[in-house]
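**Q** My structure is in work-v4.cif, and what it holds is mmCIF, C-alpha atoms and all ligand atoms:
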data_final
#
loop_
_atom_site.label_atom_id
_atom_site.label_comp_id
_atom_site.auth_asym_id
_atom_site.auth_seq_id
_atom_site.Cartn_x
_atom_site.Cartn_y
_atom_site.Cartn_z
CA MET A 83 136.57 90.32 93.14
CA ASP A 84 136.74 93.96 92.12
CA PHE A 85 135.30 95.90 95.07
CA MET A 86 134.09 99.47 94.68
CA ARG A 87 133.87 102.63 96.74
CA ILE A 88 130.20 103.56 96.95
CA ALA A 89 128.49 106.53 98.59
CA ILE A 90 124.80 106.54 99.46
CA ILE A 91 122.90 109.78 100.06
CA GLY A 92 120.07 109.13 102.54
CA ALA A 93 120.28 106.37 105.15
CA GLY A 94 116.58 105.59 105.51
CA TYR A 95 114.84 102.24 104.94
CA VAL A 96 116.30 101.89 101.44
CA GLY A 97 119.65 103.68 101.74
CA LEU A 98 120.68 102.05 104.99
CA THR A 99 119.67 98.53 104.00
CA THR A 100 121.34 98.86 100.62
CA GLY A 101 124.48 100.44 102.09
CA ALA A 102 124.86 97.86 104.84
CA ALA A 103 124.27 94.99 102.40
CA LEU A 104 126.73 96.35 99.80
CA ALA A 105 129.34 96.66 102.57
CA TYR A 106 128.56 93.11 103.69
CA LEU A 107 129.30 91.97 100.12
CA GLY A 108 132.76 93.59 100.34
CA HIS A 109 132.33 97.11 98.92
CA HIS A 110 133.47 100.20 100.84
CA VAL A 111 130.37 102.24 101.58
CA THR A 112 129.91 105.73 102.98
CA CYS A 113 126.33 106.67 103.90
CA VAL A 114 125.56 110.38 104.01
CA GLU A 115 122.64 111.23 106.30
CA ASN A 116 121.54 114.73 107.28
CA ASP A 117 119.15 113.82 110.09
CA GLY A 118 121.26 114.36 113.21
CA ARG A 119 119.38 111.86 115.38
CA LYS A 120 119.59 109.07 112.82
CA LEU A 121 123.25 109.82 112.21
CA ALA A 122 124.13 109.68 115.92
CA SER A 123 122.41 106.34 116.23
CA LEU A 124 124.14 104.94 113.11
CA LYS A 125 127.55 106.14 114.26
CA GLY A 126 126.91 104.34 117.54
CA GLY A 127 126.29 101.10 115.59
CA ARG A 128 122.53 101.16 116.20
CA CYS A 129 119.95 100.79 113.47
CA PRO A 130 117.42 103.65 113.80
CA ILE A 131 114.69 101.73 111.96
CA ARG A 132 113.07 98.43 112.70
CA GLU A 133 114.37 96.19 109.93
CA PRO A 134 115.39 92.62 110.77
CA GLY A 135 119.09 91.86 110.42
CA VAL A 136 120.27 95.36 109.53
CA GLU A 137 122.04 95.94 112.84
CA GLU A 138 123.77 92.55 112.57
CA ILE A 139 124.89 93.19 109.01
CA MET A 140 126.13 96.68 110.00
CA ARG A 141 128.29 94.96 112.63
CA ASP A 142 129.58 92.37 110.13
CA ALA A 143 130.49 95.13 107.65
CA GLY A 144 132.72 96.83 110.25
CA GLU A 145 135.08 99.45 108.83
CA ARG A 146 133.70 99.00 105.32
CA LEU A 147 130.56 100.91 106.34
CA LEU A 148 130.92 104.55 107.42
CA PHE A 149 128.37 107.22 108.26
CA THR A 150 128.73 110.97 107.84
CA SER A 151 126.77 114.15 107.25
CA ASP A 152 129.57 115.57 105.13
CA ILE A 153 128.93 115.25 101.39
CA SER A 154 132.62 115.87 100.62
CA GLU A 155 133.34 112.43 102.10
CA ALA A 156 131.03 110.92 99.50
CA VAL A 157 132.77 112.26 96.44
CA GLY A 158 135.78 110.02 96.94
CA ALA A 159 133.50 107.21 95.73
CA ASP A 160 133.21 105.75 92.23
CA ALA A 161 129.44 105.45 92.44
CA ILE A 162 127.12 107.84 94.31
CA MET A 163 123.64 106.50 94.98
CA ILE A 164 120.73 108.81 95.73
CA ALA A 165 118.26 107.11 98.12
CA VAL A 166 116.32 110.02 99.60
CA GLY A 167 112.56 110.20 100.03
CA THR A 168 110.12 111.15 97.24
CA PRO A 169 106.88 111.90 99.14
CA SER A 170 103.61 113.02 97.58
CA ARG A 171 102.83 116.63 96.85
CA GLU A 172 99.33 117.90 97.52
CA ASP A 173 98.31 117.16 93.89
CA GLY A 174 99.62 113.57 94.11
CA SER A 175 102.75 114.14 92.05
CA ALA A 176 106.14 113.13 93.45
CA ASP A 177 107.90 115.82 95.45
CA LEU A 178 111.43 115.79 94.06
CA ARG A 179 112.92 118.43 96.33
CA TYR A 180 115.06 115.94 98.27
CA VAL A 181 116.30 114.25 95.09
CA GLU A 182 117.15 117.59 93.53
CA GLY A 183 118.75 118.80 96.78
CA ALA A 184 120.93 115.69 96.96
CA ALA A 185 121.88 115.95 93.27
CA ARG A 186 122.82 119.61 93.75
CA GLU A 187 125.01 118.80 96.77
CA VAL A 188 126.70 116.01 94.85
CA ALA A 189 127.34 118.23 91.81
CA GLU A 190 128.75 120.99 94.00
CA ALA A 191 131.13 118.56 95.70
CA MET A 192 132.32 116.57 92.63
CA ARG A 193 136.06 116.77 92.12
CA SER A 194 137.55 117.99 88.85
CA GLY A 195 139.28 115.34 86.78
CA ARG A 196 137.27 112.46 88.23
CA ARG A 197 134.57 110.34 86.66
CA TYR A 198 131.45 109.39 88.63
CA THR A 199 128.41 107.23 88.26
CA VAL A 200 125.33 108.76 89.91
CA VAL A 201 122.81 106.01 90.68
CA MET A 202 119.16 106.96 91.14
CA LYS A 203 117.77 104.54 93.71
CA SER A 204 114.80 106.70 94.80
CA THR A 205 111.48 106.06 93.08
CA VAL A 206 111.16 108.92 90.61
CA PRO A 207 108.78 109.76 87.74
CA VAL A 208 109.83 109.15 84.17
CA GLY A 209 112.19 111.87 82.99
CA THR A 210 113.77 112.57 86.40
CA ASN A 211 117.07 110.81 85.64
CA ARG A 212 117.40 112.98 82.57
CA ARG A 213 116.54 116.16 84.51
CA VAL A 214 119.05 115.28 87.23
CA ARG A 215 121.69 114.71 84.56
CA ASP A 216 120.99 118.16 83.04
CA MET A 217 121.06 119.78 86.48
CA ILE A 218 124.42 118.25 87.44
CA ARG A 219 125.83 119.18 84.02
CA GLU A 220 124.76 122.79 84.49
CA ILE A 221 126.26 123.06 87.99
CA LEU A 222 129.57 121.53 86.85
CA SER A 223 129.72 123.94 83.94
CA GLU A 224 129.02 126.93 86.27
CA ARG A 225 131.88 125.70 88.46
CA ASP A 226 134.18 125.20 85.44
CA SER A 227 134.66 121.70 86.79
CA THR A 228 136.19 118.98 84.62
CA ALA A 229 134.44 116.24 86.61
CA GLU A 230 132.63 113.74 84.37
CA PHE A 231 129.59 111.71 85.27
CA GLN A 232 126.79 109.47 84.05
CA VAL A 233 123.37 108.93 85.63
CA VAL A 234 121.99 105.41 85.94
CA SER A 235 118.52 104.39 87.12
CA ASN A 236 118.42 101.48 89.58
CA PRO A 237 114.94 101.35 91.17
CA GLU A 238 114.48 99.42 94.40
CA PHE A 239 111.96 96.63 94.98
CA LEU A 240 112.66 95.71 98.60
CA SER A 241 109.79 95.12 100.93
CA GLU A 242 110.07 96.49 104.48
CA GLY A 243 110.40 93.76 107.11
CA GLN A 244 112.33 91.55 104.68
CA ALA A 245 114.53 94.16 103.06
CA LEU A 246 117.81 92.26 103.45
CA ARG A 247 116.37 89.06 102.09
CA ASP A 248 115.06 91.03 99.10
CA PHE A 249 118.48 92.63 98.58
CA LEU A 250 120.56 89.45 98.80
CA TYR A 251 118.10 87.15 97.01
CA PRO A 252 116.16 89.38 94.57
CA ASP A 253 114.00 88.23 91.64
CA ARG A 254 115.57 90.83 89.38
CA ILE A 255 117.84 93.84 89.36
CA VAL A 256 116.71 96.64 87.06
CA VAL A 257 119.26 98.99 85.55
CA GLY A 258 118.35 101.83 83.20
CA ALA A 259 121.45 103.18 81.52
CA ASP A 260 122.12 105.25 78.41
CA GLY A 261 125.14 103.20 77.43
CA PRO A 262 127.27 100.14 78.20
CA GLU A 263 129.52 101.91 80.72
CA GLY A 264 126.70 102.59 83.19
CA LEU A 265 125.50 99.00 82.90
CA GLU A 266 129.03 97.73 83.53
CA VAL A 267 129.39 99.76 86.75
CA MET A 268 126.11 98.36 88.04
CA ARG A 269 127.08 94.82 87.07
CA ARG A 270 130.27 95.25 89.12
CA MET A 271 128.31 96.59 92.07
CA TYR A 272 125.84 93.70 92.08
CA LEU A 273 128.18 90.93 90.88
CA PRO A 274 128.15 88.95 94.18
CA VAL A 275 124.33 89.00 94.10
CA LEU A 276 124.08 88.27 90.37
CA GLU A 277 126.44 85.30 90.73
CA GLN A 278 125.34 84.45 94.29
CA SER A 279 129.05 84.17 95.09
CA PHE A 280 128.86 85.65 98.63
CA GLU A 281 128.73 83.66 101.83
CA PRO A 282 125.14 84.03 103.13
CA PRO A 283 124.78 85.38 106.68
CA VAL A 284 124.11 82.45 109.04
CA TRP A 285 120.83 84.04 110.08
CA LEU A 286 119.69 84.59 106.48
CA PRO A 287 120.50 81.45 104.47
CA ARG A 288 119.92 81.29 100.74
CA PRO A 289 116.29 80.17 100.22
CA ALA A 290 115.88 76.61 98.96
CA ASN A 291 115.32 76.49 95.20
CA TYR A 292 116.51 80.09 94.82
CA THR A 293 117.92 80.75 91.37
CA ARG A 294 120.10 83.70 90.38
CA PRO A 295 118.33 87.00 89.69
CA SER A 296 117.81 88.38 86.20
CA LEU A 297 119.54 91.60 85.29
CA VAL A 298 117.00 93.71 83.41
CA ALA A 299 119.14 96.09 81.40
CA THR A 300 117.05 98.81 79.82
CA ASP A 301 116.84 102.55 79.15
CA PRO A 302 116.36 105.03 82.05
CA ALA A 303 112.75 105.96 81.21
CA SER A 304 111.66 102.30 81.10
CA ALA A 305 113.49 101.57 84.37
CA GLU A 306 111.71 104.48 86.06
CA MET A 307 108.39 103.22 84.72
CA ILE A 308 109.02 99.58 85.76
CA LYS A 309 109.07 100.65 89.41
CA TYR A 310 105.73 102.48 89.25
CA ALA A 311 104.09 99.78 87.14
CA ALA A 312 105.20 97.07 89.61
CA ASN A 313 103.77 98.90 92.61
CA ALA A 314 100.54 99.79 90.83
CA PHE A 315 100.06 96.17 89.79
CA LEU A 316 100.61 94.83 93.32
CA ALA A 317 98.23 97.44 94.75
CA LEU A 318 95.71 96.47 92.07
CA LYS A 319 95.86 92.79 93.10
CA VAL A 320 95.07 93.66 96.72
CA SER A 321 92.26 96.03 95.76
CA PHE A 322 90.88 93.41 93.38
CA ILE A 323 90.59 90.74 96.08
CA ASN A 324 89.10 93.28 98.50
CA GLU A 325 86.47 94.15 95.92
CA MET A 326 85.76 90.43 95.48
CA ALA A 327 85.56 90.10 99.29
CA GLY A 328 82.80 92.73 99.46
CA LEU A 329 80.73 90.81 96.93
CA CYS A 330 81.53 87.45 98.56
CA GLU A 331 80.05 88.74 101.85
CA ARG A 332 76.84 89.69 100.10
CA VAL A 333 76.39 86.45 98.17
CA GLY A 334 77.61 83.98 100.79
CA ALA A 335 80.96 83.00 99.28
CA ASP A 336 84.23 82.76 101.22
CA VAL A 337 86.85 85.09 99.74
CA ARG A 338 89.69 82.95 101.16
CA GLU A 339 88.41 80.01 99.12
CA VAL A 340 88.10 82.24 96.08
CA ALA A 341 91.68 83.52 96.54
CA ARG A 342 92.95 79.95 96.90
CA GLY A 343 91.03 78.85 93.83
CA ILE A 344 92.26 81.65 91.59
CA GLY A 345 95.77 81.86 93.08
CA LEU A 346 96.62 78.33 91.96
CA ASP A 347 96.37 79.52 88.38
CA PRO A 348 100.01 80.38 87.53
CA ARG A 349 98.80 83.26 85.37
CA ILE A 350 97.38 84.84 88.54
CA GLY A 351 99.55 83.51 91.40
CA PRO A 352 98.66 83.34 95.11
CA ARG A 353 100.52 86.38 96.45
CA PHE A 354 98.85 89.71 97.26
CA LEU A 355 95.45 88.04 97.32
CA GLN A 356 94.69 88.32 101.05
CA ALA A 357 91.56 90.35 101.64
CA GLY A 358 91.84 92.73 104.58
CA ALA A 359 92.25 96.35 105.55
CA GLY A 360 93.90 97.19 102.23
CA TRP A 361 97.32 98.52 101.42
CA GLY A 362 99.20 101.44 102.94
CA GLY A 363 102.81 102.26 103.68
CA SER A 364 105.37 104.57 102.23
CA CYS A 365 105.19 103.31 98.64
CA PHE A 366 101.86 102.12 97.18
CA PRO A 367 99.83 105.20 98.17
CA LYS A 368 102.35 107.75 96.95
CA ASP A 369 103.46 105.78 93.89
CA THR A 370 99.93 105.15 92.60
CA ALA A 371 99.18 108.86 93.14
CA ALA A 372 102.37 109.83 91.29
CA LEU A 373 101.48 107.51 88.40
CA ILE A 374 98.06 109.15 88.02
CA ALA A 375 99.74 112.58 88.17
CA LEU A 376 102.24 111.51 85.50
CA GLY A 377 99.31 110.40 83.33
CA ARG A 378 97.53 113.72 83.96
CA ASP A 379 100.63 115.71 83.00
CA ASN A 380 100.78 113.75 79.78
CA GLY A 381 97.06 114.01 78.93
CA TYR A 382 96.41 110.33 79.71
CA GLU A 383 93.83 109.03 82.17
CA MET A 384 94.65 106.04 84.38
CA PRO A 385 91.19 104.64 85.31
CA ILE A 386 92.51 101.28 86.58
CA VAL A 387 95.03 102.89 88.95
CA SER A 388 92.39 105.43 90.08
CA ALA A 389 89.91 102.62 90.84
CA THR A 390 92.63 100.72 92.71
CA ARG A 391 93.03 103.70 95.05
CA LEU A 392 89.28 104.22 95.41
CA VAL A 393 88.61 100.59 96.36
CA ASN A 394 91.44 100.76 98.89
CA GLN A 395 90.03 103.86 100.58
CA ARG A 396 86.53 102.34 100.62
CA GLN A 397 87.88 99.22 102.33
CA ARG A 398 88.93 101.24 105.39
CA VAL A 399 85.44 102.71 105.73
CA HIS A 400 83.89 99.31 105.10
CA ILE A 401 85.77 97.77 108.03
CA VAL A 402 84.50 100.46 110.40
CA ASP A 403 80.94 100.07 109.02
CA LYS A 404 81.05 96.33 109.71
CA LEU A 405 82.32 96.84 113.22
CA GLU A 406 79.70 99.49 113.94
CA ASP A 407 77.02 97.03 112.80
CA ALA A 408 78.46 94.20 114.88
CA LEU A 409 78.70 96.37 118.01
CA ASP A 410 75.32 97.99 117.45
CA GLY A 411 76.87 101.45 117.45
CA PHE A 412 80.02 102.81 119.07
CA ALA A 413 78.50 104.84 121.90
CA GLY A 414 80.23 103.91 125.16
CA LYS A 415 82.37 101.28 123.40
CA THR A 416 86.13 100.89 123.42
CA VAL A 417 87.78 99.34 120.38
CA GLY A 418 91.20 97.72 120.73
CA VAL A 419 93.46 98.03 117.70
CA LEU A 420 96.30 95.52 117.59
CA GLY A 421 98.93 96.54 115.06
CA ILE A 422 99.46 100.11 113.90
CA ALA A 423 102.32 99.76 111.38
CA PHE A 424 101.16 99.37 107.80
CA LYS A 425 102.16 95.71 107.89
CA PRO A 426 103.90 93.24 110.22
CA GLY A 427 107.67 93.27 110.71
CA THR A 428 108.18 97.02 110.38
CA ASP A 429 107.82 100.17 112.50
CA ASP A 430 106.79 102.22 109.47
CA ILE A 431 103.39 103.83 109.94
CA ARG A 432 103.42 106.06 106.86
CA ASP A 433 99.89 105.92 105.37
CA ALA A 434 99.00 102.90 107.54
CA PRO A 435 95.33 101.83 107.15
CA SER A 436 95.11 101.69 110.97
CA LEU A 437 95.44 105.49 111.18
CA ASP A 438 92.41 106.14 108.97
CA ILE A 439 90.48 103.38 110.72
CA MET A 440 91.24 104.85 114.17
CA ARG A 441 90.37 108.31 112.93
CA LEU A 442 86.99 107.04 111.69
CA LEU A 443 86.34 105.10 114.90
CA ARG A 444 86.94 108.23 116.97
CA GLU A 445 84.81 110.37 114.67
CA ARG A 446 81.94 107.94 115.11
CA GLY A 447 82.18 108.04 118.89
CA ALA A 448 84.27 104.97 119.81
CA ARG A 449 87.12 105.09 122.30
CA VAL A 450 90.27 103.59 120.82
CA ARG A 451 93.12 101.78 122.52
CA ALA A 452 95.91 100.78 120.20
CA HIS A 453 99.10 98.80 120.53
CA ASP A 454 101.92 97.76 118.25
CA PRO A 455 104.98 95.79 119.39
CA ALA A 456 107.32 97.60 116.98
CA ALA A 457 105.79 100.90 115.97
CA MET A 458 104.77 102.54 119.27
CA MET A 459 107.39 105.33 119.00
CA ASN A 460 106.32 106.35 115.50
CA ALA A 461 102.66 105.80 116.33
CA ARG A 462 102.75 108.12 119.34
CA ALA A 463 103.76 111.06 117.17
CA ALA A 464 101.09 110.26 114.57
CA LEU A 465 98.41 109.56 117.17
CA ASP A 466 99.16 112.84 118.85
CA GLY A 467 98.17 114.46 115.55
CA LEU A 468 95.07 112.25 115.52
CA ARG A 469 94.17 113.25 119.08
CA ARG A 470 94.49 116.90 118.17
CA PHE A 471 92.32 116.33 115.08
CA VAL A 472 89.62 114.60 117.13
CA GLU A 473 89.67 117.30 119.82
CA TRP A 474 89.32 119.90 117.08
CA MET A 475 86.39 117.93 115.57
CA GLN A 476 84.69 117.71 118.95
CA SER A 477 85.07 121.40 119.70
CA TYR A 478 83.95 122.15 116.13
CA ASN A 479 80.82 120.03 116.59
CA GLU A 480 80.14 121.71 119.92
CA GLY A 481 80.49 125.08 118.21
CA THR A 482 83.52 126.19 120.21
CA THR A 483 85.81 126.28 117.17
CA CYS A 484 85.09 128.42 114.16
CA ALA A 485 85.55 126.84 110.76
CA SER A 486 87.98 128.91 108.74
P1 LIG A 501 113.30 107.44 104.18
O1 LIG A 501 112.52 108.67 104.42
O2 LIG A 501 113.24 106.31 105.15
O3 LIG A 501 114.85 107.81 103.99
C1 LIG A 501 115.32 108.91 103.30
C2 LIG A 501 116.51 109.47 104.08
O4 LIG A 501 117.18 110.44 103.30
C3 LIG A 501 116.11 110.16 105.38
O5 LIG A 501 116.80 109.55 106.46
C4 LIG A 501 116.55 111.61 105.18
O6 LIG A 501 116.97 112.23 106.38
C5 LIG A 501 117.67 111.45 104.19
N1 LIG A 501 117.99 112.62 103.37
C6 LIG A 501 117.17 113.41 102.64
N2 LIG A 501 117.87 114.36 101.97
C7 LIG A 501 119.17 114.14 102.27
C8 LIG A 501 120.39 114.77 101.88
N3 LIG A 501 120.40 115.81 101.02
N4 LIG A 501 121.56 114.32 102.39
C9 LIG A 501 121.57 113.27 103.25
N5 LIG A 501 120.44 112.62 103.65
C10 LIG A 501 119.27 113.06 103.16
O7 LIG A 501 112.87 106.94 102.73
P2 LIG A 501 112.90 105.43 102.19
O8 LIG A 501 111.70 104.70 102.66
O9 LIG A 501 114.24 104.86 102.39
O10 LIG A 501 112.68 105.70 100.63
C11 LIG A 501 113.69 106.27 99.81
C12 LIG A 501 113.28 106.13 98.36
O11 LIG A 501 113.20 104.71 98.03
C13 LIG A 501 111.90 106.69 98.03
O12 LIG A 501 111.90 107.23 96.74
C14 LIG A 501 110.99 105.47 98.09
O13 LIG A 501 109.85 105.62 97.27
C15 LIG A 501 111.90 104.41 97.53
N6 LIG A 501 111.55 103.04 97.97
C16 LIG A 501 111.21 102.81 99.27
C17 LIG A 501 110.91 101.51 99.67
C18 LIG A 501 110.49 101.22 101.09
O14 LIG A 501 109.96 100.13 101.33
N7 LIG A 501 110.69 102.11 102.05
C19 LIG A 501 110.98 100.44 98.76
C20 LIG A 501 111.38 100.72 97.45
C21 LIG A 501 111.65 102.02 97.06
#
Can you turn what I pasted into structure tokens?

**A**
Amino acid sequence: MDFMRIAIIGAGYVGLTTGAALAYLGHHVTCVENDGRKLASLKGGRCPIREPGVEEIMRDAGERLLFTSDISEAVGADAIMIAVGTPSREDGSADLRYVEGAAREVAEAMRSGRRYTVVMKSTVPVGTNRRVRDMIREILSERDSTAEFQVVSNPEFLSEGQALRDFLYPDRIVVGADGPEGLEVMRRMYLPVLEQSFEPPVWLPRPANYTRPSLVATDPASAEMIKYAANAFLALKVSFINEMAGLCERVGADVREVARGIGLDPRIGPRFLQAGAGWGGSCFPKDTAALIALGRDNGYEMPIVSATRLVNQRQRVHIVDKLEDALDGFAGKTVGVLGIAFKPGTDDIRDAPSLDIMRLLRERGARVRAHDPAAMMNARAALDGLRRFVEWMQSYNEGTTCAS
């Protein structure tokens, strides 16, 4: 097997899982991380995020997995993967400052006479791969560098809490490349997964009936779009069943029966049809917002995606309304919230429905006690913000704070 030297910029949920798994498969991986606390923990062999199996797989990878904050150690690699965050800007569009920052650092460190493949793993709007390519080209030309490179899109579909399973046993691997060379590099990188030729970790056996993944080879713009379309569609399914749930309550039907009845239709499928508090997390909220912003920038409305977001927001309010009804008001009541992370199996609380729900409960006069077995550390920081918000609201209502 032809193993590669791979560098990954950003060792967060995606970068770290991907890096550790690629090293487990036999590649030599250097993860570049600029958050000092995360880096110290990684260098000490500890996984700074709650993601099952990652610490074990880091241990198994041994010397094939290195961590650094020094970009110059990354440019010895054949492939450099960018896996930094792409949060929302105020107007909903994707904030590309970390992607551009990483691309700039890579371009400034590239060595003359070498050829690189830059892999865009972060979720980025259509056209970003092309812009990153132009940016790197410009920096190399300013430096009179003879380094050569290509940019390949390789969006990620892992789901937090089962990220390693999703990496080792994916449904598909999407590669957006401008030519056959980029596709070939990615085929080499993923060969053990594509052929399922690796020895599965004992604690993560190959699922029964698992068949090899498809390699979706396409152009960069389509690859970028596939990622957003996939997330928007999954968010839509959840919002759809939540909308059905609201009507079911009013007409005396059981939404779980409805979900079972429609989910057995293979054209619909049973997954993402559990009615509940709605979706949250670090992807669906920001990616649906970015899709709408991309539509707006291109003079195209996205009413289905907009409604998906609206229904999701309404669901959070609806839950608090129901509880207020059931408790006959919140005055003097304490509400226990079990689970703060946006879903089980992770410590990620980014855009978790629980935060909005707790905020609403407090605004309406309830006391809130919350617990999460995995996310308490992250929750404390967020809830501190919540506490400050509520105190501000109270003093505002009592007239002791001036609205500005
Ligand atoms: P994250 O915030 O957990 O990790 C990003 C990391 O990059 C951070 O640790 C940050 O310190 C580091 N970083 C930023 N700039 C850097 C630089 N110049 N040099 C070195 N390190 C740098 O983000 P994430 O959840 O891993 O998401 C990364 C991307 O993957 C996003 O675009 C996201 O939309 C996408 N994605 C995420 C998931 C998920 O479930 N989390 C799934 C699929 C796709």

**Q** At a cut-off of 7 Å, using only C-alpha atoms, what residues contact stretch 370-381 of chain A? Leave out same-chain residues fewer than 6 positions from it and give the result as a list in words.

**A**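 After dropping sequence-adjacent residues, the list is Gly174, Ser175, Ala176, Tyr310, Ala314 and Val387 of chain A.
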
**Q** Report the closest atom pair, with its distance in Å rounded to one decimal, for each residue of chain A that has an atom no farther than 6 Å from ligand LIG 501 (chain A); count only C-alpha atoms and all ligand atoms, sort by chain and then rising residue number, and write it as CSV.

**A**
residue,atom,partner,partner_atom,distance
A:Ile91,CA,A:LIG501,C9,4.9
A:Gly92,CA,A:LIG501,O4,3.3
A:Ala93,CA,A:LIG501,O5,4.9
A:Gly94,CA,A:LIG501,O3,3.2
A:Tyr95,CA,A:LIG501,O9,3.7
A:Val96,CA,A:LIG501,O9,3.7
A:Gly97,CA,A:LIG501,O9,5.6
A:Val114,CA,A:LIG501,C9,5.0
A:Glu115,CA,A:LIG501,N5,3.7
A:Asn116,CA,A:LIG501,C9,4.3
A:Asp117,CA,A:LIG501,O6,4.6
A:Ala165,CA,A:LIG501,C11,4.9
A:Val166,CA,A:LIG501,O4,3.8
A:Gly167,CA,A:LIG501,C13,4.1
A:Thr168,CA,A:LIG501,O12,4.3
A:Tyr180,CA,A:LIG501,N2,4.9
A:Gly183,CA,A:LIG501,N3,5.4
A:Ala184,CA,A:LIG501,N3,4.1
A:Ser204,CA,A:LIG501,O12,3.5
A:Thr205,CA,A:LIG501,O12,3.9
A:Glu238,CA,A:LIG501,C20,4.5
A:Phe239,CA,A:LIG501,C20,4.8
A:Leu240,CA,A:LIG501,C19,5.0
A:Ser241,CA,A:LIG501,O14,5.0
A:Glu242,CA,A:LIG501,O14,4.8
A:Ser364,CA,A:LIG501,N7,5.9
A:Cys365,CA,A:LIG501,O13,5.4

**Q** What's around stretch 326-329 of chain A at 9 Å? Count all atoms listed in the file, leave out sequence neighbours fewer than 2 positions away in its own chain, and write the answer as a list of chain:residue names.

**A** A:Ser321, A:Phe322, A:Ile323, A:Asn324, A:Glu331, A:Arg332, A:Val333, A:Gly334, A:Ala335, A:Asp336, A:Val337, A:Arg338, A:Val340, A:Ala357, A:Gly358, A:Gln397, A:His400

**Q** Using only C-alpha atoms, pick whichever of A:Thr99, A:Ala156, A:Leu273, A:Arg449 has the shortest atom-to-atom distance to A:Cys129.

**A**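 Result for the nearest residue to A:Cys129: A:Thr99.
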
**Q** Would you pick out the contacts of A:Ile164 at 6 Å or less, using all atoms listed in the file, so that residues sharing its chain but fewer than 5 positions from it are not included, and give the list as JSON, numbers by chain?

**A** {"A": [90, 91, 202, 203]}

**Q** Measuring atom to atom with all atoms listed in the file, identify which of A:Arg179, A:His453, A:Lys425, A:Arg446 is nearest to A:Gly243.

**A** A:Lys425

**Q** Because the input lacks atoms here, generate N, CA, C and O atoms for stretch 401-411 of chain A and report them as a compact mmCIF listing (two decimals), in the coordinates of the input.

**A**
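Dumped to result.txt:
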# COMPACT_ATOMS: atom_id res chain seq x y z
N ILE A 401 85.41 98.48 106.80
CA ILE A 401 85.77 97.77 108.03
C ILE A 401 85.10 98.43 109.24
O ILE A 401 84.55 97.75 110.12
N VAL A 402 85.12 99.74 109.28
CA VAL A 402 84.50 100.46 110.40
C VAL A 402 82.98 100.28 110.36
O VAL A 402 82.34 100.07 111.40
N ASP A 403 82.40 100.30 109.16
CA ASP A 403 80.94 100.07 109.02
C ASP A 403 80.56 98.72 109.61
O ASP A 403 79.58 98.58 110.35
N LYS A 404 81.35 97.69 109.25
CA LYS A 404 81.05 96.33 109.71
C LYS A 404 81.11 96.24 111.22
O LYS A 404 80.26 95.63 111.87
N LEU A 405 82.13 96.87 111.78
CA LEU A 405 82.32 96.84 113.22
C LEU A 405 81.18 97.57 113.92
O LEU A 405 80.64 97.12 114.94
N GLU A 406 80.79 98.69 113.34
CA GLU A 406 79.70 99.49 113.94
C GLU A 406 78.41 98.65 113.97
O GLU A 406 77.68 98.65 114.96
N ASP A 407 78.20 97.93 112.88
CA ASP A 407 77.02 97.03 112.80
C ASP A 407 77.10 95.96 113.88
O ASP A 407 76.14 95.72 114.62
N ALA A 408 78.28 95.32 113.95
CA ALA A 408 78.46 94.20 114.88
C ALA A 408 78.31 94.65 116.33
O ALA A 408 77.80 93.90 117.17
N LEU A 409 78.74 95.88 116.62
CA LEU A 409 78.70 96.37 118.01
C LEU A 409 77.40 97.12 118.31
O LEU A 409 77.22 97.63 119.41
N ASP A 410 76.57 97.25 117.29
CA ASP A 410 75.32 97.99 117.45
C ASP A 410 75.61 99.44 117.86
O ASP A 410 75.07 99.94 118.86
N GLY A 411 76.50 100.06 117.15
CA GLY A 411 76.87 101.45 117.45
C GLY A 411 78.09 101.52 118.34
O GLY A 411 78.42 100.56 119.04
